[in-house]
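Next up, target_8.cif (mmCIF, C-alpha atoms):
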data_input
loop_
_atom_site.label_atom_id
_atom_site.label_comp_id
_atom_site.auth_asym_id
_atom_site.auth_seq_id
_atom_site.Cartn_x
_atom_site.Cartn_y
_atom_site.Cartn_z
CA MET A 1 56.89 -39.36 56.02
CA THR A 2 60.39 -38.80 54.73
CA ASP A 3 63.82 -39.85 55.88
CA LEU A 4 66.22 -36.92 55.85
CA GLY A 5 69.24 -38.27 57.69
CA SER A 6 71.46 -39.67 54.96
CA LYS A 7 70.99 -38.69 51.35
CA HIS A 8 72.18 -41.96 49.84
CA LEU A 9 69.64 -44.01 51.77
CA GLN A 10 66.52 -41.88 51.41
CA ARG A 11 63.40 -43.79 52.37
CA THR A 12 59.71 -43.25 51.83
CA ILE A 13 57.82 -44.34 54.89
CA ALA A 14 54.07 -44.84 55.07
CA ARG A 15 52.55 -43.86 58.38
CA LEU A 16 49.55 -45.65 59.78
CA ASP A 17 47.87 -44.10 62.81
CA ILE A 18 45.66 -46.48 64.75
CA LYS A 19 42.97 -45.90 67.36
CA GLN A 20 41.29 -48.93 68.90
CA ASP A 21 41.24 -51.36 65.97
CA ASN A 22 40.87 -48.80 63.21
CA ALA A 23 43.29 -46.91 61.01
CA VAL A 24 42.66 -43.19 61.49
CA LYS A 25 43.77 -39.86 60.09
CA GLY A 26 43.93 -36.73 62.18
CA ARG A 27 44.76 -33.07 61.83
CA CYS A 28 47.15 -31.41 64.25
CA MET A 29 46.98 -34.63 66.30
CA ASP A 30 43.26 -34.37 66.91
CA GLY A 31 39.90 -35.12 65.34
CA TRP A 32 40.94 -38.58 64.14
CA ARG A 33 38.53 -40.03 61.59
CA VAL A 34 38.43 -43.69 60.60
CA ILE A 35 39.99 -44.38 57.18
CA GLY A 36 40.04 -48.18 57.14
CA LYS A 37 41.33 -51.39 58.65
CA PRO A 38 45.03 -51.39 59.64
CA ASN A 39 46.02 -54.61 57.86
CA GLU A 40 44.29 -53.71 54.59
CA LEU A 41 46.08 -50.35 54.50
CA ALA A 42 49.43 -51.78 55.66
CA ARG A 43 49.37 -54.43 52.94
CA SER A 44 48.37 -51.87 50.36
CA TYR A 45 51.28 -49.56 51.33
CA TYR A 46 53.67 -52.53 51.16
CA GLU A 47 52.38 -53.51 47.72
CA GLN A 48 52.64 -49.91 46.51
CA GLY A 49 56.35 -49.94 47.34
CA ALA A 50 56.69 -48.14 50.66
CA ASP A 51 60.21 -48.61 52.07
CA GLU A 52 59.01 -48.82 55.66
CA LEU A 53 55.88 -48.64 57.71
CA LEU A 54 55.40 -46.55 60.83
CA ILE A 55 52.47 -47.63 63.01
CA VAL A 56 51.40 -45.23 65.72
CA ASP A 57 48.76 -46.00 68.33
CA VAL A 58 47.66 -42.40 68.81
CA VAL A 59 45.80 -42.92 72.08
CA ALA A 60 47.67 -45.61 74.08
CA SER A 61 49.59 -43.08 76.18
CA LEU A 62 46.78 -40.55 76.18
CA TYR A 63 44.33 -43.09 77.63
CA ASP A 64 47.08 -44.59 79.81
CA ARG A 65 46.44 -48.09 78.53
CA ALA A 66 48.66 -50.90 77.26
CA PRO A 67 49.42 -51.09 73.53
CA ARG A 68 46.96 -53.12 71.47
CA TRP A 69 49.32 -56.00 70.68
CA ASP A 70 46.50 -57.84 68.87
CA VAL A 71 45.98 -54.90 66.50
CA LEU A 72 49.74 -54.61 65.86
CA GLU A 73 50.04 -58.33 65.17
CA ALA A 74 47.11 -58.28 62.76
CA ALA A 75 48.29 -55.09 61.04
CA THR A 76 51.79 -56.43 60.28
CA ASP A 77 50.74 -59.80 58.84
CA GLY A 78 52.00 -60.15 55.26
CA VAL A 79 53.99 -56.90 55.40
CA PHE A 80 57.60 -57.72 54.47
CA ILE A 81 59.10 -54.28 55.02
CA PRO A 82 60.41 -52.86 58.30
CA VAL A 83 57.75 -51.83 60.78
CA THR A 84 58.34 -49.30 63.53
CA TYR A 85 55.73 -49.28 66.28
CA CYS A 86 55.06 -46.29 68.55
CA GLY A 87 52.43 -45.84 71.24
CA GLY A 88 52.27 -46.65 74.93
CA ILE A 89 55.73 -48.29 75.21
CA ARG A 90 56.84 -47.96 78.85
CA SER A 91 59.38 -50.73 79.49
CA ILE A 92 61.85 -53.24 78.07
CA ASP A 93 59.09 -55.86 78.32
CA ASP A 94 56.79 -53.66 76.22
CA MET A 95 59.52 -53.37 73.59
CA ARG A 96 60.04 -57.12 73.59
CA GLN A 97 56.29 -57.68 73.23
CA ALA A 98 56.09 -55.19 70.35
CA MET A 99 58.71 -57.20 68.43
CA ARG A 100 56.91 -60.42 69.24
CA SER A 101 53.81 -58.80 67.73
CA GLY A 102 55.44 -57.95 64.40
CA ALA A 103 57.44 -54.76 64.99
CA ASP A 104 61.10 -54.51 63.94
CA LYS A 105 61.87 -51.22 65.69
CA VAL A 106 60.12 -49.47 68.54
CA GLY A 107 59.55 -45.78 69.14
CA ILE A 108 59.09 -44.13 72.54
CA ASN A 109 57.86 -40.63 73.30
CA THR A 110 55.81 -40.14 76.47
CA ALA A 111 57.68 -42.67 78.65
CA ALA A 112 61.07 -41.35 77.47
CA LEU A 113 60.18 -37.77 78.36
CA LEU A 114 58.97 -38.87 81.79
CA ARG A 115 62.01 -41.16 82.36
CA PRO A 116 64.82 -40.66 79.80
CA GLU A 117 66.85 -43.60 81.23
CA LEU A 118 64.37 -45.91 79.50
CA LEU A 119 66.11 -45.17 76.17
CA SER A 120 69.49 -46.36 77.52
CA GLU A 121 67.93 -49.45 79.09
CA CYS A 122 66.26 -50.46 75.83
CA ALA A 123 69.41 -49.76 73.78
CA ALA A 124 71.45 -52.02 76.08
CA VAL A 125 69.12 -54.93 75.34
CA PHE A 126 68.04 -54.40 71.73
CA GLY A 127 70.82 -52.19 70.36
CA SER A 128 70.43 -48.52 69.43
CA GLN A 129 69.40 -49.39 65.87
CA ALA A 130 66.09 -50.75 67.21
CA VAL A 131 65.34 -47.86 69.58
CA VAL A 132 63.55 -44.87 68.09
CA VAL A 133 62.76 -41.70 69.97
CA SER A 134 59.51 -40.18 68.84
CA ILE A 135 59.22 -36.44 69.28
CA GLU A 136 56.05 -34.37 68.96
CA ALA A 137 57.14 -30.79 68.36
CA LYS A 138 55.06 -27.66 68.70
CA ARG A 139 56.19 -24.14 67.92
CA ARG A 140 56.16 -21.67 70.79
CA SER A 141 55.24 -18.02 70.29
CA ASP A 142 58.92 -17.05 70.61
CA GLY A 143 59.84 -19.28 67.65
CA SER A 144 61.44 -22.09 69.66
CA TYR A 145 59.99 -25.62 69.72
CA GLU A 146 58.78 -27.66 72.67
CA ALA A 147 58.47 -31.45 72.96
CA PHE A 148 54.93 -32.62 73.76
CA TYR A 149 53.56 -35.97 74.88
CA ASN A 150 50.25 -37.79 75.30
CA SER A 151 49.42 -37.24 71.62
CA GLY A 152 50.40 -33.60 71.58
CA ARG A 153 48.31 -32.73 74.64
CA GLU A 154 50.95 -32.22 77.35
CA ALA A 155 53.91 -29.86 77.26
CA SER A 156 57.13 -31.36 78.62
CA GLY A 157 58.96 -28.08 79.07
CA LYS A 158 61.87 -29.54 77.04
CA GLU A 159 63.22 -27.65 74.06
CA VAL A 160 63.19 -29.94 70.99
CA GLY A 161 66.83 -29.50 69.90
CA ALA A 162 68.20 -30.18 73.37
CA TRP A 163 65.87 -33.14 73.89
CA THR A 164 66.85 -34.64 70.54
CA ARG A 165 70.54 -34.52 71.43
CA GLU A 166 69.88 -35.92 74.90
CA ALA A 167 67.79 -38.81 73.52
CA VAL A 168 70.53 -39.73 71.03
CA ALA A 169 73.22 -39.51 73.73
CA ARG A 170 71.11 -41.89 75.82
CA GLY A 171 70.97 -44.49 73.06
CA ALA A 172 68.18 -43.70 70.62
CA GLY A 173 69.36 -44.70 67.14
CA GLU A 174 66.67 -43.03 65.08
CA ILE A 175 64.39 -40.03 65.46
CA VAL A 176 60.77 -39.67 64.38
CA VAL A 177 59.63 -36.08 64.54
CA THR A 178 56.03 -35.04 64.11
CA SER A 179 55.24 -31.39 63.63
CA ILE A 180 52.02 -30.99 65.60
CA ASP A 181 51.28 -27.68 63.90
CA ARG A 182 51.50 -29.18 60.41
CA ASP A 183 50.12 -32.69 61.02
CA GLY A 184 47.48 -33.42 58.38
CA THR A 185 47.74 -29.95 56.80
CA GLU A 186 49.87 -30.75 53.71
CA GLN A 187 51.57 -27.37 54.16
CA GLY A 188 55.02 -28.82 53.60
CA ILE A 189 57.92 -29.56 55.91
CA ASP A 190 58.79 -27.10 58.66
CA ASN A 191 62.40 -26.53 57.58
CA HIS A 192 63.42 -24.76 60.76
CA LEU A 193 62.24 -27.70 62.85
CA GLN A 194 63.95 -30.12 60.49
CA ARG A 195 67.31 -28.40 60.96
CA LEU A 196 66.83 -28.47 64.71
CA VAL A 197 66.50 -32.25 64.84
CA THR A 198 69.21 -33.13 62.30
CA VAL A 199 71.92 -34.44 64.62
CA GLY A 200 73.62 -37.19 62.58
CA VAL A 201 71.31 -40.14 63.21
CA PRO A 202 68.59 -41.42 60.87
CA LEU A 203 65.63 -39.07 60.93
CA LEU A 204 62.01 -39.48 59.98
CA PHE A 205 59.99 -36.37 59.54
CA ALA A 206 56.20 -36.30 59.67
CA GLY A 207 53.63 -33.58 59.53
CA GLY A 208 52.74 -31.38 56.59
CA ILE A 209 54.05 -33.74 53.92
CA SER A 210 51.89 -34.47 50.92
CA ALA A 211 53.11 -37.41 48.91
CA ARG A 212 52.42 -40.90 47.64
CA PHE A 213 50.87 -42.20 50.82
CA PRO A 214 48.06 -40.70 52.86
CA ASP A 215 50.50 -39.90 55.61
CA CYS A 216 53.92 -39.89 54.12
CA VAL A 217 57.10 -39.47 56.10
CA ILE A 218 60.44 -38.43 54.70
CA GLY A 219 63.43 -40.24 56.11
CA ALA A 220 67.15 -40.80 55.74
CA MET B 221 62.15 -78.76 60.34
CA ILE B 222 63.40 -75.18 60.57
CA GLY B 223 64.12 -73.68 63.99
CA ILE B 224 64.34 -69.99 64.81
CA VAL B 225 66.82 -69.36 67.59
CA ASP B 226 64.73 -67.46 70.12
CA THR B 227 66.56 -65.60 72.85
CA GLY B 228 63.44 -63.64 73.81
CA ILE B 229 64.91 -60.60 72.04
CA GLY B 230 64.70 -59.57 68.40
CA ASN B 231 62.15 -59.38 65.61
CA VAL B 232 61.37 -63.08 65.79
CA LEU B 233 57.81 -62.85 64.48
CA SER B 234 58.97 -61.04 61.33
CA VAL B 235 61.48 -63.81 60.62
CA ARG B 236 58.94 -66.55 61.38
CA ARG B 237 56.37 -65.00 59.04
CA ALA B 238 58.88 -64.54 56.21
CA ILE B 239 60.00 -68.17 56.41
CA ALA B 240 56.42 -69.42 56.58
CA ALA B 241 55.70 -67.38 53.44
CA VAL B 242 58.35 -69.15 51.33
CA THR B 243 58.31 -72.79 52.42
CA ASP B 244 56.02 -75.61 53.49
CA GLU B 245 58.69 -76.93 55.86
CA ALA B 246 57.56 -77.00 59.46
CA LEU B 247 58.85 -74.51 62.01
CA GLY B 248 59.70 -75.99 65.40
CA PRO B 249 61.95 -75.88 68.47
CA TRP B 250 65.42 -74.84 67.37
CA LEU B 251 67.27 -77.35 69.53
CA ASP B 252 65.70 -80.17 67.46
CA ALA B 253 65.64 -78.46 64.07
CA ASP B 254 67.71 -79.52 61.06
CA LYS B 255 68.09 -75.90 59.86
CA LEU B 256 68.70 -72.89 62.10
CA VAL B 257 67.86 -69.24 61.55
CA MET B 258 68.80 -66.50 63.97
CA ALA B 259 67.12 -63.09 63.87
CA GLY B 260 68.64 -59.70 64.55
CA GLN B 261 67.44 -56.61 66.42
CA GLY B 262 69.19 -57.45 69.68
CA SER B 263 72.44 -56.18 71.19
CA PHE B 264 75.57 -58.35 71.11
CA ALA B 265 75.27 -58.77 74.89
CA SER B 266 71.63 -59.91 74.73
CA VAL B 267 72.43 -63.54 73.86
CA ASP B 268 73.03 -65.62 76.99
CA GLU B 269 75.91 -68.06 77.39
CA ASP B 270 73.69 -71.18 77.40
CA THR B 271 72.23 -70.21 74.04
CA LYS B 272 75.69 -69.60 72.58
CA LEU B 273 76.93 -72.95 73.87
CA ALA B 274 73.99 -74.83 72.37
CA LEU B 275 74.31 -72.89 69.13
CA ARG B 276 78.00 -73.70 68.82
CA THR B 277 77.29 -77.40 69.37
CA ARG B 278 74.57 -77.49 66.74
CA ILE B 279 76.68 -75.60 64.19
CA ASN B 280 79.67 -77.87 64.85
CA ASP B 281 77.33 -80.83 64.30
CA GLY B 282 76.88 -79.53 60.76
CA VAL B 283 73.36 -78.08 61.03
CA PRO B 284 72.91 -75.37 58.36
CA TYR B 285 72.78 -71.96 60.04
CA LEU B 286 71.56 -68.62 58.67
CA GLY B 287 72.43 -65.64 60.85
CA ILE B 288 70.69 -62.36 60.13
CA CYS B 289 72.27 -59.09 61.37
CA LEU B 290 73.08 -59.92 65.03
CA GLY B 291 72.79 -63.59 64.04
CA MET B 292 75.69 -63.00 61.65
CA GLN B 293 77.70 -60.84 64.07
CA LEU B 294 77.49 -63.58 66.69
CA LEU B 295 79.66 -65.78 64.43
CA TYR B 296 82.65 -63.52 65.19
CA LYS B 297 84.75 -63.62 68.33
CA GLY B 298 83.57 -60.31 69.75
CA SER B 299 82.04 -56.89 69.20
CA GLU B 300 82.75 -53.29 70.11
CA GLU B 301 79.09 -53.15 71.14
CA ALA B 302 79.84 -55.35 74.17
CA PRO B 303 83.57 -55.50 74.99
CA GLY B 304 84.41 -58.62 76.98
CA VAL B 305 81.40 -60.59 75.72
CA ALA B 306 82.53 -63.59 73.67
CA GLY B 307 80.95 -64.42 70.33
CA LEU B 308 81.16 -67.86 68.73
CA GLY B 309 84.46 -67.14 66.99
CA LEU B 310 83.62 -69.41 64.05
CA VAL B 311 84.83 -67.02 61.36
CA ASP B 312 87.76 -64.58 61.26
CA GLY B 313 87.17 -60.95 62.11
CA TYR B 314 85.68 -58.66 64.74
CA VAL B 315 82.44 -56.66 64.89
CA CYS B 316 83.20 -52.93 64.82
CA LYS B 317 81.16 -49.76 65.27
CA LEU B 318 80.09 -47.91 62.15
CA GLY B 319 80.63 -44.15 61.99
CA ARG B 320 76.88 -43.76 61.73
CA ILE B 321 73.92 -46.12 62.11
CA ARG B 322 73.02 -47.48 58.69
CA MET B 323 69.29 -47.54 58.15
CA GLY B 324 67.76 -48.06 54.74
CA TRP B 325 67.94 -49.92 51.46
CA ARG B 326 71.02 -50.82 49.44
CA GLU B 327 71.55 -52.66 46.22
CA VAL B 328 73.66 -55.79 46.80
CA SER B 329 74.29 -58.91 44.73
CA HIS B 330 71.02 -60.44 45.96
CA GLY B 331 69.01 -57.33 44.96
CA ARG B 332 67.83 -54.31 46.94
CA MET B 333 67.92 -55.18 50.63
CA TYR B 334 67.10 -53.42 53.91
CA TYR B 335 69.80 -52.64 56.46
CA CYS B 336 69.41 -51.53 60.07
CA HIS B 337 72.62 -51.68 62.10
CA GLY B 338 75.15 -49.68 64.06
CA TYR B 339 77.86 -52.37 64.05
CA GLN B 340 79.26 -54.62 61.35
CA PRO B 341 81.86 -57.40 61.04
CA PHE B 342 85.26 -56.22 59.86
CA ALA B 343 87.96 -58.56 58.56
CA GLY B 344 90.95 -58.38 56.25
CA ASN B 345 90.70 -54.59 55.99
CA ALA B 346 87.08 -54.61 54.79
CA TRP B 347 83.53 -54.44 56.11
CA ILE B 348 81.81 -57.79 55.69
CA GLU B 349 78.29 -57.75 54.17
CA THR B 350 77.79 -61.50 53.89
CA VAL B 351 79.78 -64.51 54.99
CA GLU B 352 79.69 -68.16 54.00
CA SER B 353 81.77 -70.79 55.68
CA GLY B 354 80.83 -74.46 55.50
CA ASN B 355 77.30 -74.86 56.87
CA VAL B 356 77.24 -71.26 58.10
CA THR B 357 75.73 -68.28 56.25
CA GLY B 358 75.58 -64.75 57.63
CA VAL B 359 73.99 -61.63 56.15
CA GLN B 360 74.08 -58.11 57.49
CA PHE B 361 70.87 -57.15 55.64
CA HIS B 362 67.38 -58.17 56.75
CA PRO B 363 65.91 -60.62 54.20
CA GLU B 364 62.73 -60.93 56.29
CA LYS B 365 62.09 -57.20 55.72
CA SER B 366 63.38 -56.72 52.17
CA GLY B 367 60.17 -57.42 50.26
CA LYS B 368 60.27 -59.93 47.41
CA ASN B 369 64.08 -59.87 47.11
CA GLY B 370 64.44 -60.89 50.73
CA LEU B 371 61.79 -63.62 50.48
CA ASP B 372 63.56 -64.98 47.37
CA PHE B 373 66.85 -65.03 49.27
CA LEU B 374 65.26 -67.01 52.14
CA ARG B 375 63.64 -69.46 49.73
CA ARG B 376 66.97 -70.08 47.99
CA TRP B 377 68.74 -70.64 51.33
CA ILE B 378 66.10 -73.12 52.49
CA GLU B 379 66.09 -74.98 49.17
CA GLY B 380 69.88 -74.98 49.04
CA THR B 381 70.10 -76.74 52.40
CA ARG B 382 67.75 -79.63 51.55
#

Here is a file; write its structure as structure tokens.
Amino acid sequence: MTDLGSKHLQRTIARLDIKQDNAVKGRCMDGWRVIGKPNELARSYYEQGADELLIVDVVASLYDRAPRWDVLEAATDGVFIPVTYCGGIRSIDDMRQAMRSGADKVGINTAALLRPELLSECAAVFGSQAVVVSIEAKRRSDGSYEAFYNSGREASGKEVGAWTREAVARGAGEIVVTSIDRDGTEQGIDNHLQRLVTVGVPLLFAGGISARFPDCVIGA
Amino acid sequence: MIGIVDTGIGNVLSVRRAIAAVTDEALGPWLDADKLVMAGQGSFASVDEDTKLALRTRINDGVPYLGICLGMQLLYKGSEEAPGVAGLGLVDGYVCKLGRIRMGWREVSHGRMYYCHGYQPFAGNAWIETVESGNVTGVQFHPEKSGKNGLDFLRRWIEGTR
């Protein structure tokens, strides 16, 4: 995963997808296979020099269950780089609990699409720098992009560029974008999508990137 | 005993783990501690008045204080993030909004450190990265999340306050 927002602060972010208490790797946000234990991988990414860690519970929203705080707490032990947690966050209390379980920033996708005010409410308490909007983008046949939720299963009807700007206006301080079409394919970044979500706040881009870590994100 | 000021908000577990990793000193309730650390990742308005009052008393009593990010910003008299909300006003300056949220790593005198903030103290025509005044230390970076450099910084602060 790569950070593309500001050139002088480019970050390499390792992404760790979790399902139940396993680390998993999927393709196009499906067919997740187990690749190891979250804490072993998280520590290994930290020791290999990752700048940040992004932990995503890929099924919390999909299965409509609470985040696995125990898994997050275990995964982040001994990892002294920033950790962003995404998956099943629905309230200010959830965000507070995520930080009490080892997260430093918290990403929201499904709950923000269903109730965008949640982003403003969280920013008022934690500050925008701790509130990340996570966006799952899928290309439509007409070439535009639509924001999806529930692990890429449900279409929101929102166009990705407009939703990105709305989320930032509501208080999100960072954007994590996953290209559903390229997730796990190593086909490279979707440049058109990247331009669409570059709106002047720090940006993490996932999906299609092949780099140092199994699931690398580019960020800035 | 080291106390982490816990307002219910912020990345408190990250700070607790980093401190536990660099010292054998016990961690305990902050109101009784002889060293205080305050975490960031909260808004300027998220710290209640009772906490600020108790914090001011403890700092005025001479207890060494390390403020990280918001913990540093709270030392100033106010912030553009929450107009009308009073800070502690223990050092000169005001917390102002950055043109753009700063998220990432920068090389500073203590080594390469991680930053994550949309506001920063401003005083004497300059942005303030770190502040030291008597028993008070403030840093805008996150030592608890800056790998070995950050852990080294925390160890030096703890050892320097013995």

Of the residues A:Val59, A:Val24, A:Ile13, A:Ala66, which is the one nearest to Tyr45 of chain A, using all atoms listed in the file?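 Closest residue, counting all atoms listed in the file: A:Ile13.
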
Residues of chain A within 7 Å of chain B, using all atoms listed in the file, as a PyMOL selection string? chain A and resi 9+11+80-82+96+99-104+124-127+129-130+173+201-202

Residues picked by the PyMOL selection byres ((chain A and resi 139-153) around 7) here, as a VMD selection string? chain A and resid 29 58 to 59 61 to 62 109 to 110 135 to 138 154 to 160 180

Keeping C-alpha atoms, export the residues of the selection given above as an mmCIF file, in the coordinates of the input.
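selection-v3.cif, freshly written:
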data_model
loop_
_atom_site.group_PDB
_atom_site.id
_atom_site.type_symbol
_atom_site.label_atom_id
_atom_site.label_comp_id
_atom_site.auth_asym_id
_atom_site.auth_seq_id
_atom_site.Cartn_x
_atom_site.Cartn_y
_atom_site.Cartn_z
ATOM 1 C CA MET A 29 46.980 -34.630 66.300
ATOM 2 C CA VAL A 58 47.660 -42.400 68.810
ATOM 3 C CA VAL A 59 45.800 -42.920 72.080
ATOM 4 C CA SER A 61 49.590 -43.080 76.180
ATOM 5 C CA LEU A 62 46.780 -40.550 76.180
ATOM 6 C CA ASN A 109 57.860 -40.630 73.300
ATOM 7 C CA THR A 110 55.810 -40.140 76.470
ATOM 8 C CA ILE A 135 59.220 -36.440 69.280
ATOM 9 C CA GLU A 136 56.050 -34.370 68.960
ATOM 10 C CA ALA A 137 57.140 -30.790 68.360
ATOM 11 C CA LYS A 138 55.060 -27.660 68.700
ATOM 12 C CA GLU A 154 50.950 -32.220 77.350
ATOM 13 C CA ALA A 155 53.910 -29.860 77.260
ATOM 14 C CA SER A 156 57.130 -31.360 78.620
ATOM 15 C CA GLY A 157 58.960 -28.080 79.070
ATOM 16 C CA LYS A 158 61.870 -29.540 77.040
ATOM 17 C CA GLU A 159 63.220 -27.650 74.060
ATOM 18 C CA VAL A 160 63.190 -29.940 70.990
ATOM 19 C CA ILE A 180 52.020 -30.990 65.600
#

Between atom CA of Ile55 of chain A and atom CA of Leu247 of chain B, what is the spacing in Å? 27.6 Å

May I ask which of the residues A:Ser134, A:Val83, A:Gly78, A:Leu204 is the closest one to Ile239 of chain B, counting only C-alpha atoms? A:Gly78

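For the atom pair formed by atom CA of Gly354 of chain B and atom CA of Tyr296 of chain B, the distance is 14.7 Å, given to one decimal.
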
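With all atoms listed in the file as the basis for measurement, A:Pro38 is the residue among A:Gly207, A:Gly107, A:Pro38, A:Gly87 that approaches Glu73 of chain A most closely.
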
Measure the distance from atom CA of Ala169 of chain A to atom CA of Ser120 of chain A in Å and round it to one decimal. 8.7 Å

Out of A:Ile89, A:Val34, A:Leu41, A:Ile175, which residue has the shortest atom-to-atom distance to Ala111 of chain A when counting all atoms listed in the file? A:Ile89

Might you spell out which residues the PyMOL selection byres ((chain A and resi 15-18) around 9) would select in the displayed file, as a PyMOL selection string? chain A and resi 1+13-14+19-26+32+34+37-38+41-42+52-59+71+206+213-217

Report as JSON, numbers by chain all protein, DNA and RNA residues lying within 12 Å of Arg276 of chain B, evaluated on only C-alpha atoms, omitting residues in the same chain fewer than 3 positions from it. {"B": [251, 256, 269, 270, 271, 272, 273, 279, 280, 281, 282, 283, 284, 285, 294, 295, 296, 307, 308, 309, 310, 356]}

Hits from the PyMOL selection byres ((chain A and resi 189) around 9), listed as an NGL selection string: :A and (179 or 182 or 186-188 or 190-194 or 205-209)

Need to verify the contact set: Val311 of chain B, 12 Å, only C-alpha atoms, exclusion of same-chain residues closer than 3 positions in sequence. Can you return it as a PyMOL selection string? chain B and resi 292-298+307-308+314-315+341-344+348+350-358

Select all residues near (61.8, -70.9, 51.4) (cut-off 7 Å, inclusive, file coordinates), counting only C-alpha atoms, and output them as a ChimeraX atom specification. /B:239,242-243,374-379

Could you write out the selected residues, including C-alpha atoms, as a PDB file, keeping the file's coordinate frame?
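Listing of again24.pdb after writing:
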ATOM      1  CA  ILE B 239      60.000 -68.170  56.410  1.00  0.00           C
ATOM      2  CA  VAL B 242      58.350 -69.150  51.330  1.00  0.00           C
ATOM      3  CA  THR B 243      58.310 -72.790  52.420  1.00  0.00           C
ATOM      4  CA  LEU B 374      65.260 -67.010  52.140  1.00  0.00           C
ATOM      5  CA  ARG B 375      63.640 -69.460  49.730  1.00  0.00           C
ATOM      6  CA  ARG B 376      66.970 -70.080  47.990  1.00  0.00           C
ATOM      7  CA  TRP B 377      68.740 -70.640  51.330  1.00  0.00           C
ATOM      8  CA  ILE B 378      66.100 -73.120  52.490  1.00  0.00           C
ATOM      9  CA  GLU B 379      66.090 -74.980  49.170  1.00  0.00           C
TER      10      GLU B 379
END
